[in-house]
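First up is the structure itself, then whatever we jot down about it.
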Amino acid sequence: MAGLLRASEEGLKIIDMVRRNLGWNKADELWCQAALTSKATLKRFWTQQPIRRETFIHICKAVGVKNWQDIVAREIQEPELLSAAIADIPQDNQNDRTFPLPENLPPVRNWVQRTKKIDTLKTLIVEPHLVGAVPPCPPCEVPIAISIVGLPGIGKTTLISQLIRQLHTEKTPFTCATWQSLQSATGKAPPCDRTIDSLLFTLCNGDITAAVNAQNDCGKKTENLLKILRDKPCLLVFDRADTLLKAREAKAAGYFADDCAEYAWLFKQLLETEHQSKIIFTSRESLAELPPTVTRGIQLNGLNRDSAVALLQSFNLTANPEELAEMGDRYSGHPKALQLVAALIRDDTEFQGNVGIFLHQRDWLLIRDIERAIDQMIARLGDGEQTCLSRISVYQTSEYPLSFAGISVQMPEVSKYELKENIIQALKRRQLLYYDRHLKSYQLHPLVREKGEYLLSQNPENLRTAHSQAYNYYISIPLKPKSEWQEIEDIKPLIRAHYHASQAQDLDAANAIISEVCEYLRQWNCADLVCANLPLPLLTEVKNITL
């Protein structure tokens with residue numbers, strides 16, 4: 001009897017309000033996934049029929065209502081009605097639930113199918129033969145720890161929260177799971193001793209004794225923690241591990257801050273001691289000090305186009321498929337940015353839910369809520385890192401590959417060793433610059449590029465210099481002989497050089513390039529590719545090459 005709950009009239013009003021804010025219907029598939037329940041159970045919830053206590057709590061927390069007690073009907077049900085309700089509720093397979101969900105597990109909202117990423121994680125942390133459809137890993141490739149890194153808002157916490165919810169319903173070896181957030185109200189990590197206490201409390205099911213939790217003895221507590229991890233397979237999650245890392249020093253990017261030495265020691269013990277448990281870290285920056293032999297680092301990128309469109313559709317916006325796809329592409333599938341922008345379009349009277357109006361009126365990406373998260377990352381950069389990031393933001397990396405030579409041109413004041421081993425490495429570890437192995441080039445996320453360009457524009461002379469240096473880089477790239485030019489790809493470096501000469505206000509250089517390629521652009525019907533980048537003094541020249 002005590003395991004059943006039903007919603008009150010007032011409680012349903014609260015739930016109805018928050019689910020409308022999320023853009024969900026009363027039996028939304030995303031809601032079912034986040035609450036680990038079925039549409040039939042959601043319908044029972046809405047008709048105020050008794051459902052299992054655990055499921056009731058999941059339904060409330062999935063829409064962000066943590067105080068689920070406020071939703072519960074207070075009156076006592078008649079025994080015969082409860083018996084009927086129990087008979088009508090599908091029984092859970094208790095053998096499939098190998099561990100309880102952590103009480104502080106973050107809710108999963110607007111979940112989109114990152115199926116491949118979930119399957120990869122399951123392969124890495126669960127015994128391969130238990131995973132089923134995913135390819136097994138060789139024993140030497142199964143790590144003790146996984147580090148999920150990526151930009152703020154890219155979905156790291158949501159991904160791992162959803163992973164734990166799925167493992168909770170499957171047959172896995174874990175008997176316990178714990179979720180430790182390393183971010184406090186001050187933005188800094190809580191004391192290491194408090195985190196160890198929390199781990200012990202959860203893994204011992206609250207049965208803390210003096211033997212387990214030795215007073216003010218961090219070493220003894222860690223020994224007891226390791227004993228538990230050896231005795232039973234546990235799943236430990238450390239969320240926002242980047243709060244432990246050094247800032248404003250390129251050489252130290254990814255390394256633990258001096259005042260977090262206890263955490264560095266704790267993680268060393270957890271990763272270098274043999275046990276049967278698994279550890280997951282989420283971080284905005286790569287954790288350079290974790291031993292690579294037992295740790296697998298995974299970079300989380302944006303959603304693919306279909307998933308981005310599905311996310312935007314959940315906000316019930318007015319848009320055709322092409323507009324939704326364009327919106328997803330603009331933000332490279334960044335989930336948090338897409339949600340914030342979608343909510344703005346839905347709620348702002350200027351747009352009234354119309355995506356087309358927003359796309360037509362905005363030629364910039366950053367809105368205040370998105371920019372705040374990017375600013376937090378910029379604030380952690382040293383002077384050399386910020387200078388490099390702002391200068392290379394003049395490159396449109398989505399249109400043309402950016403090589404180390406292109407970055408080096410922008411940083412003539414430092415040696416190539418300093419640039420490669422410290423500055424670029426730091427930007428990569430801080431997830432502000434990444435190397436695309438398929439394109440064989442460096443890339444900037446559109447949000448990061450726009451922020452870098454804004455920082456550079458604060459000094460117009462520096463902006464012109466950066467474009468001038470970019471012009472010199474592209475004009476130096478070897479081309480095929482003119483007799484072999486057959487398509488726009490053969491002269492793309494010249495097109496990029498023309499753009500940067502125009503931005504640097506070097507009209508002579510821009511004009512020289514137009515004179516060299518105008519005949520070919522006419523033949524290929526590609527003149528419009530250059531027109532958009534020309535400043536006003538050259539618009540007359542353009543008319544001579546357009547058809």
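In the structure tokens, each chain is lettered A, B, ... as it comes, each chain's residues begin at 1, and ligands are numbered from 1 in order of appearance.
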May I have the residues within 8 Å of stretch 479-481 of chain A as number ranges by chain, using only C-alpha atoms and disregarding those fewer than 2 positions away in the same chain?
A: 477, 483-485, 490-491
Kindly provide the residues of stretch 220-264 of chain A that approach stretch 138-162 of chain A to within 12 Å, each paired with its closest atom pair and their distance in Å to one decimal, based on only C-alpha atoms, listed by chain and increasing number, as a Markdown table.
| residue | atom | partner | partner_atom | distance |
| --- | --- | --- | --- | --- |
| A:Leu229 | CA | A:Ile144 | CA | 11.6 |
| A:Pro233 | CA | A:Ile144 | CA | 11.4 |
| A:Cys234 | CA | A:Ile144 | CA | 11.3 |
| A:Leu235 | CA | A:Ala145 | CA | 9.9 |
| A:Leu236 | CA | A:Ala145 | CA | 9.2 |
| A:Val237 | CA | A:Ile160 | CA | 8.4 |
| A:Phe238 | CA | A:Ser147 | CA | 9.5 |
| A:Asp239 | CA | A:Thr157 | CA | 7.0 |
| A:Arg240 | CA | A:Thr157 | CA | 8.4 |
| A:Ala241 | CA | A:Ser147 | CA | 9.3 |
| A:Asp242 | CA | A:Val149 | CA | 9.2 |
| A:Gly254 | CA | A:Val149 | CA | 11.2 |
note - atom CA of A:Phe267 and atom CA of A:Gln183 are separated by 16.6 Å
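Look at stretch 441-449 of chain A: the protein and nucleic acid residues within 8 Å of it, using only C-alpha atoms and passing over chain neighbours fewer than 6 places away, are Arg330, Tyr331, Ser332, Leu365, Leu366, Ile374, Ser390, Ser393, Val394, Thr397, Ser398, Pro401, Leu402, Ser403, Phe404, Leu432, Leu433, Tyr434 and Tyr435 of chain A.
Minimum atom-to-atom distance to A:Ala343, evaluated using only C-alpha atoms, belongs to A:Leu312 out of A:Ala509, A:Ile370, A:Leu312, A:Leu463.
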Could you give me, as a Markdown table, every stretch 333-363 of chain A residue with an atom at most 12 Å from stretch 10-32 of chain A, plus its closest atom pair and distance in Å to one decimal, counting only C-alpha atoms, rows ordered by chain then number?
| residue | atom | partner | partner_atom | distance |
| --- | --- | --- | --- | --- |
| A:Gln339 | CA | A:Leu22 | CA | 9.8 |
| A:Leu340 | CA | A:Leu22 | CA | 11.5 |
| A:Ala342 | CA | A:Gly23 | CA | 10.7 |
| A:Ala343 | CA | A:Asn21 | CA | 9.0 |
| A:Arg346 | CA | A:Gly23 | CA | 10.0 |
| A:Asp347 | CA | A:Asn21 | CA | 10.1 |
Give me every strand (DSSP E) residue in stretch 236-441 of chain A, going by DSSP on the backbone, as a PyMOL selection string.
chain A and resi 236-239+278-283+295-299+434-436+441
